[in-house]
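Asker: This is data.cif (mmCIF, C-alpha atoms and all ligand atoms).
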```cif
data_target
loop_
_atom_site.label_atom_id
_atom_site.label_comp_id
_atom_site.auth_asym_id
_atom_site.auth_seq_id
_atom_site.Cartn_x
_atom_site.Cartn_y
_atom_site.Cartn_z
CA MET A 30 13.47 -9.98 -56.50
CA ASN A 31 12.80 -11.10 -52.90
CA GLU A 32 10.52 -14.00 -51.98
CA PHE A 33 7.59 -11.74 -51.04
CA ALA A 34 7.79 -9.97 -54.43
CA CYS A 35 8.02 -13.32 -56.30
CA ASP A 36 5.03 -14.74 -54.42
CA VAL A 37 2.98 -11.62 -55.11
CA ARG A 38 3.94 -11.69 -58.78
CA ASN A 39 3.03 -15.40 -59.11
CA GLY A 40 -0.18 -15.14 -57.10
CA LEU A 41 -1.54 -12.16 -59.00
CA SER A 42 -0.80 -13.84 -62.36
CA LYS A 43 -3.21 -16.75 -61.68
CA PRO A 44 -6.72 -16.79 -63.21
CA GLN A 45 -8.12 -16.68 -59.64
CA LYS A 46 -5.73 -14.11 -58.19
CA GLU A 47 -4.36 -15.12 -54.80
CA LEU A 48 -1.85 -14.09 -52.17
CA PRO A 49 -0.33 -16.44 -49.54
CA SER A 50 -1.93 -15.91 -46.14
CA LYS A 51 1.44 -15.89 -44.37
CA TYR A 52 1.94 -12.32 -45.65
CA LEU A 53 -1.05 -11.10 -43.63
CA TYR A 54 1.22 -10.97 -40.55
CA ASP A 55 3.45 -7.92 -40.67
CA GLU A 56 3.59 -5.75 -37.52
CA LEU A 57 0.16 -4.22 -38.16
CA GLY A 58 -1.32 -7.54 -39.31
CA SER A 59 -0.16 -9.31 -36.13
CA ALA A 60 -1.69 -6.53 -33.99
CA LEU A 61 -4.96 -6.78 -35.94
CA PHE A 62 -4.98 -10.57 -35.53
CA ASP A 63 -4.63 -10.13 -31.76
CA ALA A 64 -7.67 -7.83 -31.89
CA ILE A 65 -9.61 -10.47 -33.87
CA THR A 66 -9.02 -13.00 -31.10
CA VAL A 67 -11.01 -10.87 -28.63
CA LEU A 68 -13.95 -10.15 -30.96
CA PRO A 69 -17.28 -11.46 -29.62
CA GLU A 70 -17.89 -13.18 -33.00
CA TYR A 71 -14.54 -15.03 -33.00
CA GLY A 72 -15.19 -17.75 -30.43
CA LEU A 73 -12.35 -19.90 -31.71
CA THR A 74 -9.58 -18.45 -29.52
CA ARG A 75 -11.69 -18.57 -26.36
CA ALA A 76 -12.61 -22.21 -27.06
CA ASP A 77 -8.95 -23.09 -27.57
CA GLN A 78 -8.02 -21.27 -24.38
CA ARG A 79 -10.76 -22.96 -22.33
CA LEU A 80 -9.58 -26.39 -23.49
CA LEU A 81 -5.94 -25.60 -22.73
CA GLU A 82 -6.74 -24.21 -19.28
CA THR A 83 -8.90 -27.22 -18.45
CA HIS A 84 -6.73 -30.00 -19.88
CA ALA A 85 -3.09 -28.83 -19.89
CA ALA A 86 -2.71 -30.56 -16.52
CA ASP A 87 -3.74 -33.88 -18.18
CA LEU A 88 -0.77 -33.78 -20.58
CA PRO A 89 2.20 -36.07 -19.85
CA ARG A 90 5.00 -34.25 -18.00
CA GLU A 91 8.02 -35.68 -19.79
CA PHE A 92 8.69 -32.77 -22.18
CA CYS A 93 11.81 -30.72 -21.41
CA ALA A 94 11.31 -28.64 -24.54
CA VAL A 95 8.17 -27.21 -26.08
CA ALA A 96 8.18 -25.76 -29.62
CA GLU A 97 5.26 -23.93 -31.18
CA PHE A 98 4.31 -23.28 -34.81
CA GLY A 99 2.85 -19.81 -35.42
CA SER A 100 2.92 -18.88 -31.75
CA GLY A 101 1.64 -15.34 -32.38
CA SER A 102 1.69 -13.46 -29.09
CA GLY A 103 1.60 -16.78 -27.19
CA ARG A 104 -1.29 -15.82 -24.92
CA LYS A 105 -2.81 -19.32 -24.89
CA THR A 106 0.54 -21.04 -24.48
CA ARG A 107 0.84 -19.84 -20.89
CA ALA A 108 -1.49 -22.62 -19.65
CA VAL A 109 0.69 -25.32 -21.27
CA LEU A 110 3.98 -23.93 -19.97
CA GLU A 111 2.55 -23.50 -16.47
CA ALA A 112 1.36 -27.11 -16.45
CA LEU A 113 4.51 -28.71 -17.94
CA SER A 114 7.30 -26.43 -16.64
CA PRO A 115 9.60 -27.23 -19.60
CA GLN A 116 13.19 -25.97 -19.54
CA ARG A 117 13.04 -24.42 -23.00
CA TYR A 118 10.31 -22.97 -25.21
CA TYR A 119 10.84 -22.31 -28.93
CA PRO A 120 8.12 -20.13 -30.51
CA ILE A 121 8.45 -20.36 -34.32
CA ASP A 122 6.82 -17.53 -36.25
CA LEU A 123 7.42 -15.37 -39.32
CA SER A 124 6.34 -12.24 -37.49
CA ALA A 125 9.16 -10.56 -35.55
CA ARG A 126 6.66 -8.46 -33.61
CA ALA A 127 4.61 -11.51 -32.59
CA LEU A 128 7.78 -13.24 -31.38
CA GLU A 129 8.83 -10.20 -29.37
CA ASN A 130 5.43 -10.03 -27.64
CA CYS A 131 5.45 -13.78 -27.06
CA SER A 132 8.97 -13.76 -25.58
CA ASN A 133 8.09 -10.90 -23.22
CA ALA A 134 4.84 -12.54 -22.10
CA LEU A 135 6.26 -16.00 -21.40
CA ALA A 136 9.82 -15.20 -20.27
CA GLY A 137 9.21 -16.24 -16.65
CA LEU A 138 7.90 -19.71 -17.53
CA ALA A 139 10.85 -21.25 -19.45
CA ARG A 140 13.98 -20.19 -21.29
CA VAL A 141 12.36 -18.66 -24.39
CA GLU A 142 14.34 -19.03 -27.62
CA PRO A 143 12.36 -17.37 -30.44
CA VAL A 144 12.86 -18.70 -33.97
CA GLU A 145 11.93 -16.24 -36.74
CA ALA A 146 11.25 -18.62 -39.62
CA THR A 147 8.63 -20.54 -41.54
CA TYR A 148 7.27 -23.63 -39.76
CA LEU A 149 9.52 -26.41 -41.07
CA ASN A 150 12.66 -24.29 -41.35
CA GLY A 151 12.04 -23.19 -37.78
CA LEU A 152 11.57 -26.75 -36.54
CA ASP A 153 14.90 -27.67 -38.16
CA ARG A 154 16.51 -24.99 -36.01
CA VAL A 155 15.20 -26.36 -32.70
CA PRO A 156 18.17 -28.08 -31.00
CA ARG A 157 17.60 -31.72 -30.01
CA ASN A 158 19.43 -33.47 -27.19
CA GLY A 159 17.57 -36.77 -27.09
CA GLU A 160 14.73 -35.62 -24.83
CA PRO A 161 11.13 -35.72 -26.09
CA VAL A 162 9.73 -32.52 -27.53
CA LEU A 163 6.13 -31.33 -27.49
CA LEU A 164 5.14 -29.34 -30.58
CA LEU A 165 2.14 -27.01 -30.30
CA PHE A 166 0.05 -26.01 -33.30
CA LEU A 167 -2.84 -24.11 -31.75
CA GLY A 168 -5.70 -21.96 -33.01
CA SER A 169 -6.65 -24.28 -35.90
CA THR A 170 -3.89 -22.69 -37.99
CA ILE A 171 -3.65 -26.14 -39.65
CA GLY A 172 -6.93 -25.10 -41.33
CA ASN A 173 -5.02 -22.57 -43.44
CA PHE A 174 -3.54 -25.43 -45.50
CA ASP A 175 -5.59 -26.93 -48.32
CA ALA A 176 -6.32 -30.63 -47.88
CA ARG A 177 -3.50 -31.91 -50.11
CA CYS A 178 -0.83 -29.58 -48.74
CA ARG A 179 -1.99 -30.35 -45.20
CA GLY A 180 -1.18 -34.06 -45.55
CA ASP A 181 2.26 -33.33 -47.06
CA PHE A 182 2.98 -30.76 -44.39
CA LEU A 183 2.05 -33.03 -41.48
CA ARG A 184 4.13 -35.88 -42.94
CA GLN A 185 7.08 -33.50 -43.18
CA VAL A 186 6.53 -32.48 -39.56
CA ARG A 187 6.42 -36.17 -38.55
CA SER A 188 9.65 -36.90 -40.43
CA ARG A 189 11.40 -34.25 -38.32
CA LEU A 190 10.09 -35.67 -35.02
CA ARG A 191 11.33 -38.75 -33.19
CA THR A 192 9.24 -41.57 -31.81
CA GLY A 193 7.92 -40.36 -28.46
CA ASP A 194 7.73 -36.70 -29.47
CA ALA A 195 4.21 -35.32 -29.46
CA MET A 196 2.05 -32.64 -31.01
CA LEU A 197 -0.88 -30.77 -29.47
CA ILE A 198 -2.95 -29.51 -32.37
CA GLY A 199 -6.22 -27.55 -32.56
CA PHE A 200 -9.02 -28.09 -35.10
CA ASP A 201 -11.96 -25.71 -35.48
CA LEU A 202 -15.04 -27.85 -36.16
CA VAL A 203 -17.91 -27.30 -38.61
CA LYS A 204 -20.72 -25.23 -37.12
CA PRO A 205 -23.70 -23.29 -38.50
CA VAL A 206 -22.69 -21.34 -41.61
CA GLU A 207 -23.87 -17.95 -40.26
CA GLN A 208 -21.76 -18.40 -37.15
CA MET A 209 -18.67 -19.28 -39.20
CA LEU A 210 -19.17 -16.34 -41.57
CA GLU A 211 -19.62 -13.84 -38.71
CA ALA A 212 -16.35 -15.04 -37.20
CA TYR A 213 -14.53 -13.99 -40.39
CA ASP A 214 -16.63 -10.91 -41.20
CA ASP A 215 -17.25 -9.14 -37.92
CA PRO A 216 -19.49 -6.06 -37.85
CA THR A 217 -16.72 -3.97 -36.21
CA GLY A 218 -14.60 -4.42 -39.32
CA VAL A 219 -11.45 -5.71 -37.63
CA THR A 220 -11.16 -8.74 -39.93
CA ALA A 221 -11.74 -6.47 -42.93
CA SER A 222 -8.83 -4.29 -41.77
CA PHE A 223 -6.67 -7.38 -41.23
CA ASN A 224 -7.38 -8.50 -44.80
CA LEU A 225 -7.03 -5.05 -46.42
CA ASN A 226 -3.72 -4.52 -44.61
CA LEU A 227 -2.20 -7.05 -47.00
CA LEU A 228 -2.59 -4.51 -49.83
CA GLY A 229 -1.16 -1.83 -47.54
CA ARG A 230 1.80 -4.08 -46.80
CA ILE A 231 2.43 -4.57 -50.52
CA ASN A 232 2.30 -0.78 -50.98
CA ARG A 233 4.74 -0.19 -48.10
CA GLU A 234 7.22 -2.98 -48.72
CA LEU A 235 7.10 -3.53 -52.47
CA GLY A 236 6.29 -0.08 -53.85
CA GLY A 237 2.71 -0.95 -54.77
CA ASP A 238 -0.01 1.60 -55.53
CA PHE A 239 -3.13 -0.35 -54.47
CA ASP A 240 -6.05 1.91 -53.56
CA GLN A 241 -7.17 0.03 -50.43
CA ARG A 242 -10.50 1.89 -50.47
CA ALA A 243 -11.27 0.38 -53.87
CA PHE A 244 -11.35 -3.17 -52.44
CA ALA A 245 -13.82 -4.77 -50.04
CA HIS A 246 -13.28 -7.61 -47.59
CA GLU A 247 -15.41 -10.68 -48.27
CA ALA A 248 -15.81 -13.95 -46.34
CA ARG A 249 -17.36 -16.89 -48.24
CA TYR A 250 -18.13 -20.45 -47.17
CA ASP A 251 -17.53 -23.30 -49.60
CA PRO A 252 -19.65 -26.16 -48.21
CA GLU A 253 -18.03 -28.84 -50.39
CA ALA A 254 -14.50 -27.97 -49.39
CA ARG A 255 -15.75 -27.04 -45.88
CA ARG A 256 -13.72 -23.87 -45.76
CA ILE A 257 -14.15 -20.18 -45.12
CA GLU A 258 -12.37 -18.18 -47.78
CA MET A 259 -11.28 -14.58 -47.32
CA HIS A 260 -11.17 -12.48 -50.46
CA LEU A 261 -10.49 -8.86 -51.39
CA ARG A 262 -13.05 -7.88 -53.99
CA SER A 263 -12.31 -5.08 -56.45
CA LEU A 264 -15.06 -2.44 -56.30
CA ARG A 265 -14.35 -1.17 -59.82
CA ASP A 266 -12.29 -1.81 -62.93
CA GLN A 267 -8.79 -0.77 -61.96
CA VAL A 268 -5.06 -1.32 -62.45
CA ALA A 269 -2.51 -1.65 -59.65
CA SER A 270 1.22 -1.68 -60.21
CA ILE A 271 3.79 -3.16 -57.85
CA ARG A 272 7.23 -1.78 -58.60
CA ASP A 273 9.43 -4.39 -56.86
CA ALA A 274 7.41 -7.30 -58.23
CA ALA A 275 7.51 -5.82 -61.76
CA VAL A 276 3.75 -6.32 -62.04
CA GLU A 277 0.91 -4.30 -63.47
CA CYS A 278 -2.27 -6.02 -62.44
CA ARG A 279 -5.70 -5.43 -63.97
CA PHE A 280 -8.91 -6.00 -62.01
CA ARG A 281 -12.45 -6.12 -63.29
CA ALA A 282 -15.18 -4.82 -60.97
CA GLY A 283 -16.20 -7.77 -58.74
CA GLU A 284 -13.02 -9.77 -59.34
CA SER A 285 -11.27 -10.94 -56.18
CA ILE A 286 -7.92 -11.83 -54.69
CA TRP A 287 -8.15 -14.94 -52.50
CA THR A 288 -6.07 -14.24 -49.38
CA GLU A 289 -6.80 -17.01 -46.84
CA SER A 290 -8.60 -20.32 -46.38
CA SER A 291 -9.76 -21.64 -43.01
CA HIS A 292 -10.86 -25.25 -43.28
CA LYS A 293 -13.42 -26.52 -40.81
CA PHE A 294 -13.21 -30.12 -39.65
CA GLN A 295 -15.53 -32.98 -38.71
CA PRO A 296 -14.43 -34.60 -35.41
CA GLU A 297 -14.29 -38.05 -37.03
CA GLU A 298 -11.80 -37.01 -39.74
CA ILE A 299 -9.11 -35.95 -37.25
CA CYS A 300 -8.20 -39.57 -36.52
CA GLU A 301 -7.53 -40.26 -40.22
CA ILE A 302 -5.51 -37.04 -40.62
CA ALA A 303 -3.31 -38.07 -37.68
CA ARG A 304 -2.88 -41.68 -38.86
CA ALA A 305 -2.04 -40.71 -42.44
CA ALA A 306 0.75 -38.47 -41.16
CA GLY A 307 2.23 -41.13 -38.83
CA PHE A 308 0.73 -40.02 -35.50
CA GLU A 309 -1.55 -41.73 -32.97
CA ILE A 310 -4.16 -39.78 -31.07
CA GLU A 311 -3.58 -40.23 -27.32
CA ALA A 312 -6.23 -37.79 -26.14
CA GLN A 313 -8.71 -35.35 -27.59
CA TRP A 314 -10.95 -32.75 -25.97
CA VAL A 315 -13.87 -30.85 -27.55
CA ASP A 316 -15.25 -27.51 -26.34
CA GLU A 317 -18.98 -27.54 -25.67
CA GLN A 318 -19.68 -23.85 -26.29
CA TRP A 319 -17.79 -23.42 -29.60
CA PRO A 320 -17.14 -26.74 -31.35
CA PHE A 321 -13.34 -26.95 -31.37
CA ALA A 322 -11.11 -30.00 -30.83
CA GLU A 323 -7.72 -30.05 -29.11
CA SER A 324 -5.96 -33.24 -30.13
CA PHE A 325 -2.86 -34.70 -28.47
CA TRP A 326 -0.87 -36.80 -30.97
CA ARG A 327 2.12 -39.04 -30.36
CA ALA A 328 4.72 -39.65 -33.11
CA ALA A 329 4.04 -43.34 -33.71
C1 LIG B 1 -3.76 -17.60 -37.13
S1 LIG B 1 -2.36 -16.95 -36.29
C2 LIG B 1 -2.38 -17.96 -34.85
C3 LIG B 1 -1.65 -17.38 -33.68
C4 LIG B 1 -1.77 -18.21 -32.39
N1 LIG B 1 -1.15 -19.51 -32.53
C5 LIG B 1 -3.22 -18.40 -32.03
O1 LIG B 1 -3.67 -19.55 -32.02
O2 LIG B 1 -3.90 -17.41 -31.71
C6 LIG B 1 -1.05 -17.63 -37.22
C7 LIG B 1 0.36 -17.27 -36.74
O3 LIG B 1 1.27 -18.04 -37.54
C8 LIG B 1 2.23 -17.20 -38.15
N2 LIG B 1 2.48 -17.77 -39.47
C9 LIG B 1 1.64 -17.80 -40.55
N3 LIG B 1 2.17 -18.50 -41.56
C10 LIG B 1 3.38 -18.92 -41.11
C11 LIG B 1 4.41 -19.72 -41.68
N4 LIG B 1 4.29 -20.21 -42.91
N5 LIG B 1 5.52 -19.97 -40.94
C12 LIG B 1 5.65 -19.46 -39.67
N6 LIG B 1 4.70 -18.71 -39.07
C13 LIG B 1 3.59 -18.45 -39.78
C14 LIG B 1 1.62 -15.81 -38.17
O4 LIG B 1 2.63 -14.80 -38.13
C15 LIG B 1 0.74 -15.82 -36.92
O5 LIG B 1 1.43 -15.34 -35.79
#
```
Would you write the structure of this file as structure tokens?
Ligand SMILES: C[S@@+](CC[C@H](N)C(=O)[O-])C[C@H]1O[C@@H](n2cnc3c(N)ncnc32)[C@H](O)[C@@H]1O
Answerer:
Amino acid sequence: MNEFACDVRNGLSKPQKELPSKYLYDELGSALFDAITVLPEYGLTRADQRLLETHAADLPREFCAVAEFGSGSGRKTRAVLEALSPQRYYPIDLSARALENCSNALAGLARVEPVEATYLNGLDRVPRNGEPVLLLFLGSTIGNFDARCRGDFLRQVRSRLRTGDAMLIGFDLVKPVEQMLEAYDDPTGVTASFNLNLLGRINRELGGDFDQRAFAHEARYDPEARRIEMHLRSLRDQVASIRDAAVECRFRAGESIWTESSHKFQPEEICEIARAAGFEIEAQWVDEQWPFAESFWRAA
């Protein structure tokens, strides 16, 4: 059984059924995510882009190599590469299609060496020759980790970096609940399609028989955990079987599969997150229109 099938089997066996968000990004999922980034309700990408375009020139120039976690199509990365002119750029992403788009878009700005891998495995594959590396983690993708995993993950990132390496990392900040919910439940239905595509992917790749029309996209906000959760809610009692995961999964009407979390941050907690992972904040910029922080950390 491959890793995808194992993860699906494990996730759907939990009392609160869940699926890892990394599986949202097959070819169609990556295209749908790109569409999300231009939705009027999803101000996050535009805020990130404004900050990068305004402040990339303020970053130190000593980085010969830039690596990026979850680069996607790399649209926002252009501003950083134009400002720093690194020799090499290593986008690290699970999605082959995203990496292909990213490589095509940024080819003129550095030698692009795409790494198709999960974050840490990908970072292990970035060659080091003693020069400082800048690691990008844009778009508040760090918000997809739950609080405990986030700390472990950032410490593992730090342990792979050398003193003097740096990380530019984006954090989407808490804002009015309605605004956050609209960003993950747009009236055009693009985010719903992005979420429902996960069931389609399971059907295509693992021989599943999910009826995608019998599930509805749902975005919820948990104020205590400060996170938006995306769920797929079953519209009726039903059974889905997934051949390659050897699973027959029963759903009650109203029961959900939790597919993604997006944590929202308070500006003052970023300092503690950085320190606990072994980084020092050297600079931080916040967008005025859509509260979002771009934080430049140095491996201490
Ligand atoms: C939310 S999108 C962000 C894309 C882009 N950085 C942006 O800010 O618009 C997350 C990206 O990370 C990739 N991704 C998700 N989980 C991953 C993982 N565990 N390892 C590597 N890439 C991952 C996805 O394929 C997707 O391209």
Asker: Residues within 7 Å of ligand LIG 1 (chain B) (all atoms listed in the file), as a list of chain:residue names?
Answerer: A:Ser50, A:Lys51, A:Tyr54, A:Ser59, A:Phe62, A:Thr66, A:Thr74, A:Phe98, A:Gly99, A:Ser100, A:Gly101, A:Ser102, A:Gly103, A:Ile121, A:Asp122, A:Leu123, A:Ser124, A:Ala127, A:Ala146, A:Thr147, A:Tyr148, A:Phe166, A:Leu167, A:Gly168, A:Ser169, A:Thr170
Asker: So that I can check the surroundings of A:Arg249, please list as a ChimeraX atom specification every protein, DNA and RNA residue that reaches within 9 Å of it, counting all atoms listed in the file and ignoring chain neighbours fewer than 4 positions away.
Answerer: /A:210,213,256-260
Asker: Neighbouring residues of A:Val155 were defined as those with any atom within 12 Å, considering all atoms listed in the file; residues of the same chain fewer than 6 positions away were excluded. Please report them as a list in words.
Answerer: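 Result of the neighbour search: Ala94, Val95, Ala96, Glu97, Phe98, Arg117, Tyr118, Tyr119, Pro120, Ile121, Val141, Glu142, Pro143, Val144, Glu145, Ala146, Tyr148, Leu149, Val162, Leu163, Leu164, Arg189 and Leu190 of chain A.
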Asker: Which one of A:His292, A:Arg140, A:Arg126, A:Arg279 sits closest to A:Val203 if you count all atoms listed in the file?
Answerer: A:His292
Asker: Quick one: everything within 12 Å of A:Gly137, counting only C-alpha atoms, minus sequence neighbours fewer than 6 positions away in the same chain. Send it as a list in words.
Answerer: Arg107, Leu110, Glu111, Ser114, Pro115, Gln116, Arg117, Tyr118 and Cys131 of chain A
Asker: Dump C-alpha atoms for the selected residues as a PDB file, in the coordinates of the input?
Answerer:
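Saved result, out.pdb, follows:
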```pdb
ATOM      1  CA  ARG A 107       0.840 -19.840 -20.890  1.00  0.00           C
ATOM      2  CA  LEU A 110       3.980 -23.930 -19.970  1.00  0.00           C
ATOM      3  CA  GLU A 111       2.550 -23.500 -16.470  1.00  0.00           C
ATOM      4  CA  SER A 114       7.300 -26.430 -16.640  1.00  0.00           C
ATOM      5  CA  PRO A 115       9.600 -27.230 -19.600  1.00  0.00           C
ATOM      6  CA  GLN A 116      13.190 -25.970 -19.540  1.00  0.00           C
ATOM      7  CA  ARG A 117      13.040 -24.420 -23.000  1.00  0.00           C
ATOM      8  CA  TYR A 118      10.310 -22.970 -25.210  1.00  0.00           C
ATOM      9  CA  CYS A 131       5.450 -13.780 -27.060  1.00  0.00           C
TER      10      CYS A 131
END
```
Asker: Taking 4 positions as the minimum chain separation for residues in the same chain, which residues sit within 10 Å of A:Gln208 when counting only C-alpha atoms? Answer as a list of chain:residue names.
Answerer: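 Close residues of A:Gln208: A:Glu70, A:Tyr71, A:Gly72, A:Val203, A:Lys204, A:Ala212, A:Tyr213, A:Asp214, A:Trp319.
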Asker: Contacts of A:Phe200 at 12 Å or less, counting only C-alpha atoms, minus same-chain residues fewer than 3 places along, as JSON, numbers by chain?
Answerer: {"A": [73, 74, 76, 77, 80, 166, 167, 168, 169, 170, 171, 172, 173, 197, 203, 291, 292, 293, 294, 295, 296, 297, 298, 299, 300, 302, 303, 313, 314, 315, 316, 319, 320, 321, 322, 323, 324, 325]}
Asker: Since we have the selection now, will you write its residues out, keeping C-alpha atoms, as a JSON list (two decimals), in the coordinates of the input?
Answerer:
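Contents of out27.json, freshly written:
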```json
[["chain", "number", "residue", "atom", "x", "y", "z"],
["A", 73, "LEU", "CA", -12.35, -19.90, -31.71],
["A", 74, "THR", "CA", -9.58, -18.45, -29.52],
["A", 76, "ALA", "CA", -12.61, -22.21, -27.06],
["A", 77, "ASP", "CA", -8.95, -23.09, -27.57],
["A", 80, "LEU", "CA", -9.58, -26.39, -23.49],
["A", 166, "PHE", "CA", 0.05, -26.01, -33.30],
["A", 167, "LEU", "CA", -2.84, -24.11, -31.75],
["A", 168, "GLY", "CA", -5.70, -21.96, -33.01],
["A", 169, "SER", "CA", -6.65, -24.28, -35.90],
["A", 170, "THR", "CA", -3.89, -22.69, -37.99],
["A", 171, "ILE", "CA", -3.65, -26.14, -39.65],
["A", 172, "GLY", "CA", -6.93, -25.10, -41.33],
["A", 173, "ASN", "CA", -5.02, -22.57, -43.44],
["A", 197, "LEU", "CA", -0.88, -30.77, -29.47],
["A", 203, "VAL", "CA", -17.91, -27.30, -38.61],
["A", 291, "SER", "CA", -9.76, -21.64, -43.01],
["A", 292, "HIS", "CA", -10.86, -25.25, -43.28],
["A", 293, "LYS", "CA", -13.42, -26.52, -40.81],
["A", 294, "PHE", "CA", -13.21, -30.12, -39.65],
["A", 295, "GLN", "CA", -15.53, -32.98, -38.71],
["A", 296, "PRO", "CA", -14.43, -34.60, -35.41],
["A", 297, "GLU", "CA", -14.29, -38.05, -37.03],
["A", 298, "GLU", "CA", -11.80, -37.01, -39.74],
["A", 299, "ILE", "CA", -9.11, -35.95, -37.25],
["A", 300, "CYS", "CA", -8.20, -39.57, -36.52],
["A", 302, "ILE", "CA", -5.51, -37.04, -40.62],
["A", 303, "ALA", "CA", -3.31, -38.07, -37.68],
["A", 313, "GLN", "CA", -8.71, -35.35, -27.59],
["A", 314, "TRP", "CA", -10.95, -32.75, -25.97],
["A", 315, "VAL", "CA", -13.87, -30.85, -27.55],
["A", 316, "ASP", "CA", -15.25, -27.51, -26.34],
["A", 319, "TRP", "CA", -17.79, -23.42, -29.60],
["A", 320, "PRO", "CA", -17.14, -26.74, -31.35],
["A", 321, "PHE", "CA", -13.34, -26.95, -31.37],
["A", 322, "ALA", "CA", -11.11, -30.00, -30.83],
["A", 323, "GLU", "CA", -7.72, -30.05, -29.11],
["A", 324, "SER", "CA", -5.96, -33.24, -30.13],
["A", 325, "PHE", "CA", -2.86, -34.70, -28.47]]
```
Asker: Between atom CA of A:Asp36 and atom CA of A:Leu61, what is the spacing in Å?
Answerer: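 Separation between atom CA of A:Leu61 and atom CA of A:Asp36: 22.5 Å.
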Asker: Measure the distance from atom CA of A:Trp326 to atom CA of A:Arg90 in Å and round it to one decimal.
Answerer: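 Those two atoms sit 14.5 Å apart.
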Asker: Edge lengths and centre in Å to one decimal, as AutoDock Vina command-line options, of the axis-aligned box that encloses all listed atoms of stretch 213-225 of chain A with 4 Å added on every side?
Answerer:
```
--center_x -13.1 --center_y -9.0 --center_z -41.3 --size_x 20.8 --size_y 18.0 --size_z 18.2
```
Asker: Compare A:Gly151, A:Asp266, A:Glu317, A:Ser290 by their minimum atom-to-atom distance to A:Ala176, counting all atoms listed in the file, and give me the closest one.
Answerer: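 Going through A:Gly151, A:Asp266, A:Glu317, A:Ser290 one by one, the smallest distance to A:Ala176 is for A:Ser290.
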Asker: Could stretch 125-141 of chain A be completed with N, CA and C atoms and returned as a PDB file, keeping the file's coordinate frame?
Answerer:
```pdb
ATOM      1  N   ALA A 125       8.211 -10.964 -36.588  1.00  0.00           N
ATOM      2  CA  ALA A 125       9.160 -10.560 -35.550  1.00  0.00           C
ATOM      3  C   ALA A 125       8.418  -9.925 -34.380  1.00  0.00           C
ATOM      4  N   ARG A 126       7.386  -9.139 -34.676  1.00  0.00           N
ATOM      5  CA  ARG A 126       6.660  -8.460 -33.610  1.00  0.00           C
ATOM      6  C   ARG A 126       5.916  -9.466 -32.725  1.00  0.00           C
ATOM      7  N   ALA A 127       5.309 -10.484 -33.366  1.00  0.00           N
ATOM      8  CA  ALA A 127       4.610 -11.510 -32.590  1.00  0.00           C
ATOM      9  C   ALA A 127       5.605 -12.224 -31.671  1.00  0.00           C
ATOM     10  N   LEU A 128       6.777 -12.526 -32.186  1.00  0.00           N
ATOM     11  CA  LEU A 128       7.780 -13.240 -31.380  1.00  0.00           C
ATOM     12  C   LEU A 128       8.256 -12.385 -30.200  1.00  0.00           C
ATOM     13  N   GLU A 129       8.377 -11.089 -30.447  1.00  0.00           N
ATOM     14  CA  GLU A 129       8.830 -10.200 -29.370  1.00  0.00           C
ATOM     15  C   GLU A 129       7.772 -10.178 -28.250  1.00  0.00           C
ATOM     16  N   ASN A 130       6.495 -10.045 -28.645  1.00  0.00           N
ATOM     17  CA  ASN A 130       5.430 -10.030 -27.640  1.00  0.00           C
ATOM     18  C   ASN A 130       5.375 -11.354 -26.885  1.00  0.00           C
ATOM     19  N   CYS A 131       5.521 -12.436 -27.650  1.00  0.00           N
ATOM     20  CA  CYS A 131       5.450 -13.780 -27.060  1.00  0.00           C
ATOM     21  C   CYS A 131       6.595 -13.980 -26.057  1.00  0.00           C
ATOM     22  N   SER A 132       7.798 -13.580 -26.451  1.00  0.00           N
ATOM     23  CA  SER A 132       8.970 -13.760 -25.580  1.00  0.00           C
ATOM     24  C   SER A 132       8.777 -12.964 -24.292  1.00  0.00           C
ATOM     25  N   ASN A 133       8.287 -11.728 -24.410  1.00  0.00           N
ATOM     26  CA  ASN A 133       8.090 -10.900 -23.220  1.00  0.00           C
ATOM     27  C   ASN A 133       7.037 -11.519 -22.300  1.00  0.00           C
ATOM     28  N   ALA A 134       5.958 -12.033 -22.916  1.00  0.00           N
ATOM     29  CA  ALA A 134       4.840 -12.540 -22.100  1.00  0.00           C
ATOM     30  C   ALA A 134       5.200 -13.826 -21.367  1.00  0.00           C
ATOM     31  N   LEU A 135       6.060 -14.650 -21.973  1.00  0.00           N
ATOM     32  CA  LEU A 135       6.260 -16.000 -21.400  1.00  0.00           C
ATOM     33  C   LEU A 135       7.649 -16.186 -20.782  1.00  0.00           C
ATOM     34  N   ALA A 136       8.421 -15.104 -20.707  1.00  0.00           N
ATOM     35  CA  ALA A 136       9.820 -15.200 -20.270  1.00  0.00           C
ATOM     36  C   ALA A 136       9.981 -15.886 -18.914  1.00  0.00           C
ATOM     37  N   GLY A 137       9.040 -15.682 -18.004  1.00  0.00           N
ATOM     38  CA  GLY A 137       9.210 -16.240 -16.650  1.00  0.00           C
ATOM     39  C   GLY A 137       8.926 -17.727 -16.567  1.00  0.00           C
ATOM     40  N   LEU A 138       8.402 -18.330 -17.633  1.00  0.00           N
ATOM     41  CA  LEU A 138       7.900 -19.710 -17.530  1.00  0.00           C
ATOM     42  C   LEU A 138       8.856 -20.756 -18.093  1.00  0.00           C
ATOM     43  N   ALA A 139       9.856 -20.330 -18.858  1.00  0.00           N
ATOM     44  CA  ALA A 139      10.850 -21.250 -19.450  1.00  0.00           C
ATOM     45  C   ALA A 139      11.919 -20.366 -20.081  1.00  0.00           C
ATOM     46  N   ARG A 140      13.020 -20.980 -20.496  1.00  0.00           N
ATOM     47  CA  ARG A 140      13.980 -20.190 -21.290  1.00  0.00           C
ATOM     48  C   ARG A 140      13.390 -20.076 -22.696  1.00  0.00           C
ATOM     49  N   VAL A 141      13.041 -18.846 -23.104  1.00  0.00           N
ATOM     50  CA  VAL A 141      12.360 -18.660 -24.390  1.00  0.00           C
ATOM     51  C   VAL A 141      13.400 -18.382 -25.469  1.00  0.00           C
TER      52      VAL A 141
END
```
